[in-house]
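File shown here: my_file-v8.cif, holding mmCIF, N, CA and C atoms.
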data_query
#
loop_
_atom_site.label_atom_id
_atom_site.label_comp_id
_atom_site.auth_asym_id
_atom_site.auth_seq_id
_atom_site.Cartn_x
_atom_site.Cartn_y
_atom_site.Cartn_z
N MET A 1 110.15 155.76 53.56
CA MET A 1 110.12 154.79 54.65
C MET A 1 108.88 153.95 54.49
N GLY A 2 109.05 152.68 54.25
CA GLY A 2 107.90 151.81 54.06
C GLY A 2 107.03 152.25 52.90
N GLY A 3 107.63 152.87 51.89
CA GLY A 3 106.89 153.36 50.74
C GLY A 3 106.24 154.73 50.96
N ALA A 4 106.41 155.29 52.14
CA ALA A 4 105.84 156.61 52.45
C ALA A 4 106.92 157.67 52.39
N ALA A 5 106.51 158.88 52.06
CA ALA A 5 107.43 160.02 52.04
C ALA A 5 106.76 161.19 52.73
N LYS A 6 107.56 162.03 53.34
CA LYS A 6 107.04 163.21 54.02
C LYS A 6 108.01 164.36 53.84
N ALA A 7 107.46 165.53 53.54
CA ALA A 7 108.26 166.74 53.37
C ALA A 7 108.15 167.57 54.64
N TYR A 8 109.28 168.12 55.07
CA TYR A 8 109.35 168.98 56.26
C TYR A 8 109.85 170.35 55.82
N PRO A 9 108.95 171.29 55.53
CA PRO A 9 109.37 172.63 55.09
C PRO A 9 110.19 173.34 56.17
N GLU A 10 111.31 173.91 55.76
CA GLU A 10 112.16 174.63 56.72
C GLU A 10 111.40 175.72 57.46
N SER A 11 110.47 176.36 56.80
CA SER A 11 109.71 177.44 57.44
C SER A 11 108.91 176.96 58.64
N ARG A 12 108.61 175.67 58.69
CA ARG A 12 107.86 175.12 59.82
C ARG A 12 108.77 174.48 60.87
N LEU A 13 110.08 174.44 60.59
CA LEU A 13 111.00 173.80 61.52
C LEU A 13 111.87 174.79 62.28
N SER A 14 112.02 176.00 61.77
CA SER A 14 113.02 176.92 62.32
C SER A 14 112.84 177.22 63.79
N ASP A 15 111.63 177.17 64.32
CA ASP A 15 111.45 177.47 65.74
C ASP A 15 111.07 176.25 66.56
N ARG A 16 111.25 175.07 66.00
CA ARG A 16 110.88 173.84 66.70
C ARG A 16 112.05 173.30 67.50
N ALA A 17 111.76 172.93 68.73
CA ALA A 17 112.72 172.18 69.53
C ALA A 17 112.67 170.75 69.02
N PRO A 18 113.45 169.84 69.55
CA PRO A 18 113.26 168.45 69.14
C PRO A 18 111.78 168.09 69.27
N PHE A 19 111.27 167.36 68.29
CA PHE A 19 109.85 167.00 68.29
C PHE A 19 109.67 165.60 67.73
N THR A 20 108.48 165.05 67.92
CA THR A 20 108.18 163.72 67.40
C THR A 20 107.13 163.83 66.32
N ASP A 21 107.14 162.86 65.42
CA ASP A 21 106.18 162.77 64.34
C ASP A 21 106.06 161.29 63.98
N ARG A 22 105.09 160.96 63.15
CA ARG A 22 104.91 159.58 62.70
C ARG A 22 104.98 159.52 61.18
N LEU A 23 105.60 158.45 60.69
CA LEU A 23 105.66 158.19 59.26
C LEU A 23 105.56 156.69 59.06
N ALA A 24 104.64 156.26 58.24
CA ALA A 24 104.44 154.83 57.97
C ALA A 24 104.22 154.04 59.26
N GLY A 25 103.55 154.67 60.23
CA GLY A 25 103.25 154.00 61.49
C GLY A 25 104.39 153.94 62.48
N VAL A 26 105.51 154.59 62.17
CA VAL A 26 106.70 154.57 63.03
C VAL A 26 106.86 155.95 63.67
N GLU A 27 107.09 155.96 64.98
CA GLU A 27 107.33 157.23 65.66
C GLU A 27 108.77 157.66 65.44
N LEU A 28 108.93 158.92 65.04
CA LEU A 28 110.24 159.49 64.76
C LEU A 28 110.54 160.62 65.73
N GLU A 29 111.79 160.76 66.09
CA GLU A 29 112.25 161.92 66.85
C GLU A 29 113.09 162.75 65.88
N LEU A 30 112.75 164.03 65.75
CA LEU A 30 113.41 164.89 64.78
C LEU A 30 114.03 166.09 65.48
N VAL A 31 115.20 166.49 64.98
CA VAL A 31 115.91 167.65 65.52
C VAL A 31 116.37 168.49 64.33
N TYR A 32 115.95 169.75 64.30
CA TYR A 32 116.34 170.65 63.22
C TYR A 32 117.45 171.58 63.71
N ASP A 33 118.53 171.65 62.96
CA ASP A 33 119.64 172.56 63.26
C ASP A 33 119.57 173.72 62.28
N ALA A 34 119.06 174.86 62.75
CA ALA A 34 118.88 176.02 61.87
C ALA A 34 120.20 176.57 61.35
N HIS A 35 121.25 176.47 62.15
CA HIS A 35 122.56 176.98 61.72
C HIS A 35 123.07 176.21 60.52
N ASP A 36 123.03 174.89 60.58
CA ASP A 36 123.51 174.04 59.48
C ASP A 36 122.42 173.70 58.47
N ARG A 37 121.16 174.06 58.81
CA ARG A 37 120.01 173.76 57.96
C ARG A 37 119.92 172.27 57.66
N THR A 38 120.02 171.48 58.74
CA THR A 38 119.92 170.02 58.61
C THR A 38 118.84 169.49 59.54
N LEU A 39 118.27 168.36 59.15
CA LEU A 39 117.26 167.70 59.95
C LEU A 39 117.77 166.32 60.32
N GLY A 40 117.91 166.09 61.62
CA GLY A 40 118.32 164.77 62.10
C GLY A 40 117.09 163.99 62.50
N VAL A 41 117.11 162.71 62.25
CA VAL A 41 115.94 161.89 62.58
C VAL A 41 116.37 160.52 63.08
N ARG A 42 115.62 159.99 64.03
CA ARG A 42 115.85 158.63 64.49
C ARG A 42 114.51 158.01 64.83
N CYS A 43 114.42 156.70 64.69
CA CYS A 43 113.20 155.96 65.05
C CYS A 43 113.25 155.70 66.54
N THR A 44 112.16 155.99 67.24
CA THR A 44 112.16 155.81 68.69
C THR A 44 112.18 154.34 69.09
N ASP A 45 111.83 153.44 68.14
CA ASP A 45 111.86 152.01 68.45
C ASP A 45 113.21 151.36 68.15
N GLY A 46 114.20 152.18 67.74
CA GLY A 46 115.54 151.66 67.47
C GLY A 46 115.75 151.14 66.07
N ALA A 47 114.71 151.17 65.24
CA ALA A 47 114.85 150.69 63.86
C ALA A 47 115.74 151.65 63.08
N ALA A 48 116.17 151.20 61.91
CA ALA A 48 117.00 152.05 61.05
C ALA A 48 116.20 153.29 60.67
N PRO A 49 116.82 154.46 60.75
CA PRO A 49 116.11 155.70 60.43
C PRO A 49 115.84 155.84 58.93
N PRO A 50 114.83 156.63 58.58
CA PRO A 50 114.57 156.86 57.16
C PRO A 50 115.67 157.72 56.56
N VAL A 51 115.74 157.70 55.26
CA VAL A 51 116.70 158.54 54.55
C VAL A 51 116.19 159.98 54.56
N VAL A 52 117.07 160.89 54.91
CA VAL A 52 116.72 162.31 54.92
C VAL A 52 117.52 162.99 53.82
N GLU A 53 116.81 163.67 52.93
CA GLU A 53 117.46 164.36 51.83
C GLU A 53 116.93 165.79 51.75
N ARG A 54 117.78 166.69 51.37
CA ARG A 54 117.37 168.08 51.19
C ARG A 54 117.13 168.31 49.70
N HIS A 55 115.93 168.78 49.38
CA HIS A 55 115.56 168.99 47.98
C HIS A 55 114.77 170.27 47.82
N TRP A 56 114.76 170.78 46.62
CA TRP A 56 113.83 171.84 46.26
C TRP A 56 112.47 171.19 46.11
N TRP A 57 111.42 171.89 46.51
CA TRP A 57 110.07 171.33 46.50
C TRP A 57 109.66 170.85 45.11
N LEU A 58 109.94 171.59 44.07
CA LEU A 58 109.50 171.21 42.73
C LEU A 58 110.01 169.82 42.36
N GLY A 59 111.30 169.59 42.55
CA GLY A 59 111.86 168.28 42.24
C GLY A 59 111.31 167.18 43.13
N TRP A 60 111.23 167.48 44.42
CA TRP A 60 110.72 166.48 45.38
C TRP A 60 109.29 166.08 45.04
N SER A 61 108.43 167.06 44.79
CA SER A 61 107.02 166.77 44.55
C SER A 61 106.81 165.97 43.26
N GLU A 62 107.69 166.12 42.30
CA GLU A 62 107.56 165.34 41.08
C GLU A 62 107.92 163.87 41.31
N PHE A 63 108.91 163.60 42.16
CA PHE A 63 109.30 162.22 42.45
C PHE A 63 108.41 161.58 43.51
N HIS A 64 107.79 162.39 44.36
CA HIS A 64 106.95 161.88 45.45
C HIS A 64 105.61 162.63 45.46
N PRO A 65 104.78 162.42 44.44
CA PRO A 65 103.54 163.22 44.31
C PRO A 65 102.52 162.96 45.41
N THR A 66 102.61 161.86 46.11
CA THR A 66 101.63 161.56 47.16
C THR A 66 102.18 161.77 48.56
N CYS A 67 103.32 162.43 48.67
CA CYS A 67 103.93 162.60 50.00
C CYS A 67 103.10 163.53 50.88
N GLU A 68 103.19 163.28 52.17
CA GLU A 68 102.58 164.18 53.15
C GLU A 68 103.48 165.39 53.31
N VAL A 69 102.91 166.48 53.80
CA VAL A 69 103.68 167.67 54.12
C VAL A 69 103.46 167.96 55.60
N TYR A 70 104.56 168.07 56.33
CA TYR A 70 104.48 168.35 57.77
C TYR A 70 103.85 169.72 58.00
N GLU A 71 102.84 169.75 58.87
CA GLU A 71 102.12 170.99 59.14
C GLU A 71 102.64 171.71 60.38
N GLY A 72 103.30 170.99 61.26
CA GLY A 72 103.83 171.60 62.48
C GLY A 72 102.76 171.85 63.45
#

How does this structure look as structure tokens?
Amino acid sequence: MGGAAKAYPESRLSDRAPFTDRLAGVELELVYDAHDRTLGVRCTDGAAPPVVERHWWLGWSEFHPTCEVYEG
């Protein structure tokens, strides 16, 4: 999103209710579904949401070496 990338480790999402975060200066609302192991995201300002992809960390980190990692 805007040239920025962020990783959201499942281990930090499993007990989270819907929550907000920021990426590239945009506030995001995120919802993790532990049953389906999916992360839903929308921009609170109504803009088009970022692309959400599920990846293994090794592959992701090679394509996005400067990405942030969500700390929860």

Exercise for the section: I would like the residues chosen by the PyMOL selection byres ((chain A and resi 30) around 6.5) on the shown file; could you give them as a VMD selection string? Expected result: chain A and resid 17 to 21 28 to 29 31 to 32 39 to 42

Exercise for the section: Kindly indicate which residue among A:Ala4, A:Phe63, A:Leu58, A:Glu53 lies nearest to Leu23 (chain A), using only N, CA and C atoms for the distances. Expected result: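 Counting only N, CA and C atoms, the residue closest to Leu23 (chain A) is A:Ala4.
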
Handout entry: Point-to-point distance in Å for CA of Trp60 (chain A) and CA of His35 (chain A)
Key = 22.7 Å

With 6 Å of padding per side, what axis-aligned box (centre and edge lengths, Å, one decimal) covers all the listed atoms of region 36-51 of chain A? Give it as lines of an AutoDock Vina configuration file.
center_x = 117.7
center_y = 162.8
center_z = 61.8
size_x = 23.7
size_y = 36.2
size_z = 26.5

Translate the PyMOL selection byres ((chain A and resi 1) around 7) into a concrete residue list for this structure, as a PDB file with N, CA and C atoms, keeping the file's coordinate frame.
ATOM      1  N   GLY A   2     109.050 152.680  54.250  1.00  0.00           N
ATOM      2  CA  GLY A   2     107.900 151.810  54.060  1.00  0.00           C
ATOM      3  C   GLY A   2     107.030 152.250  52.900  1.00  0.00           C
ATOM      4  N   GLY A   3     107.630 152.870  51.890  1.00  0.00           N
ATOM      5  CA  GLY A   3     106.890 153.360  50.740  1.00  0.00           C
ATOM      6  C   GLY A   3     106.240 154.730  50.960  1.00  0.00           C
ATOM      7  N   ALA A   4     106.410 155.290  52.140  1.00  0.00           N
ATOM      8  CA  ALA A   4     105.840 156.610  52.450  1.00  0.00           C
ATOM      9  C   ALA A   4     106.920 157.670  52.390  1.00  0.00           C
ATOM     10  N   ALA A   5     106.510 158.880  52.060  1.00  0.00           N
ATOM     11  CA  ALA A   5     107.430 160.020  52.040  1.00  0.00           C
ATOM     12  C   ALA A   5     106.760 161.190  52.730  1.00  0.00           C
ATOM     13  N   LYS A   6     107.560 162.030  53.340  1.00  0.00           N
ATOM     14  CA  LYS A   6     107.040 163.210  54.020  1.00  0.00           C
ATOM     15  C   LYS A   6     108.010 164.360  53.840  1.00  0.00           C
ATOM     16  N   LEU A  23     105.600 158.450  60.690  1.00  0.00           N
ATOM     17  CA  LEU A  23     105.660 158.190  59.260  1.00  0.00           C
ATOM     18  C   LEU A  23     105.560 156.690  59.060  1.00  0.00           C
ATOM     19  N   ALA A  24     104.640 156.260  58.240  1.00  0.00           N
ATOM     20  CA  ALA A  24     104.440 154.830  57.970  1.00  0.00           C
ATOM     21  C   ALA A  24     104.220 154.040  59.260  1.00  0.00           C
ATOM     22  N   PRO A  50     114.830 156.630  58.580  1.00  0.00           N
ATOM     23  CA  PRO A  50     114.570 156.860  57.160  1.00  0.00           C
ATOM     24  C   PRO A  50     115.670 157.720  56.560  1.00  0.00           C
ATOM     25  N   VAL A  51     115.740 157.700  55.260  1.00  0.00           N
ATOM     26  CA  VAL A  51     116.700 158.540  54.550  1.00  0.00           C
ATOM     27  C   VAL A  51     116.190 159.980  54.560  1.00  0.00           C
TER      28      VAL A  51
END

Fill in the blank from the handout: One residue among A:Glu62, A:Asp33, A:Glu71, A:Glu27 is nearest to Arg12 (chain A) when using all atoms listed in the file, and that residue is A:Glu71

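The spacing separating CA of Thr66 (chain A) from atom C of Gly25 (chain A) amounts to 17.3 Å.
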
Practice task
Select, from A:Asp15, A:Glu68, A:Gly59, A:Val26, the residue with the minimum atom-to-atom distance to Asp45 (chain A), counting all atoms listed in the file.
Solution key: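 Looking at the shortest contact to Asp45 (chain A), the residue is A:Val26.
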
Practice task
Compare A:Val69, A:Ala34, A:Cys43, A:Ala48 by their minimum atom-to-atom distance to Ala7 (chain A), counting only N, CA and C atoms, and give me the closest one.
Solution key: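 Smallest distance to Ala7 (chain A) is found for A:Val69.
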
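The residue that comes closest to Thr44 (chain A), out of A:Trp56, A:Gly72, A:Pro65, A:Arg22 and on the basis of only C-alpha atoms, is A:Arg22.
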
Practice task
Kindly give the distance, in Å, that separates atom C of Arg16 (chain A) and atom N of His64 (chain A), rounded to a single decimal.
Solution key: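 Distance reported for this atom pair: 25.9 Å.
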
Exercise for the section: Just the strand (DSSP E) stuff from region 6-55 of chain A, please, per backbone DSSP, written as a list in words. Expected result: Lys6, Ala7, Phe19, Thr20, Asp21, Arg22, Leu23, Val26, Glu27, Leu28, Glu29, Leu30, Val31, Tyr32, Asp33, Thr38, Leu39, Gly40, Val41, Arg42 and Cys43 of chain A

Handout entry: DSSP helix (DSSP H, G or I) residues within chain A, listed as a PyMOL selection string
Key = chain A and resi 10-12+57-63

Export of prior selection with N, CA and C atoms as a compact mmCIF listing (two decimals), in the coordinates of the input:
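Okay, selection.txt is ready:
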# COMPACT_ATOMS: atom_id res chain seq x y z
N GLU A 10 111.31 173.91 55.76
CA GLU A 10 112.16 174.63 56.72
C GLU A 10 111.40 175.72 57.46
N SER A 11 110.47 176.36 56.80
CA SER A 11 109.71 177.44 57.44
C SER A 11 108.91 176.96 58.64
N ARG A 12 108.61 175.67 58.69
CA ARG A 12 107.86 175.12 59.82
C ARG A 12 108.77 174.48 60.87
N TRP A 57 111.42 171.89 46.51
CA TRP A 57 110.07 171.33 46.50
C TRP A 57 109.66 170.85 45.11
N LEU A 58 109.94 171.59 44.07
CA LEU A 58 109.50 171.21 42.73
C LEU A 58 110.01 169.82 42.36
N GLY A 59 111.30 169.59 42.55
CA GLY A 59 111.86 168.28 42.24
C GLY A 59 111.31 167.18 43.13
N TRP A 60 111.23 167.48 44.42
CA TRP A 60 110.72 166.48 45.38
C TRP A 60 109.29 166.08 45.04
N SER A 61 108.43 167.06 44.79
CA SER A 61 107.02 166.77 44.55
C SER A 61 106.81 165.97 43.26
N GLU A 62 107.69 166.12 42.30
CA GLU A 62 107.56 165.34 41.08
C GLU A 62 107.92 163.87 41.31
N PHE A 63 108.91 163.60 42.16
CA PHE A 63 109.30 162.22 42.45
C PHE A 63 108.41 161.58 43.51
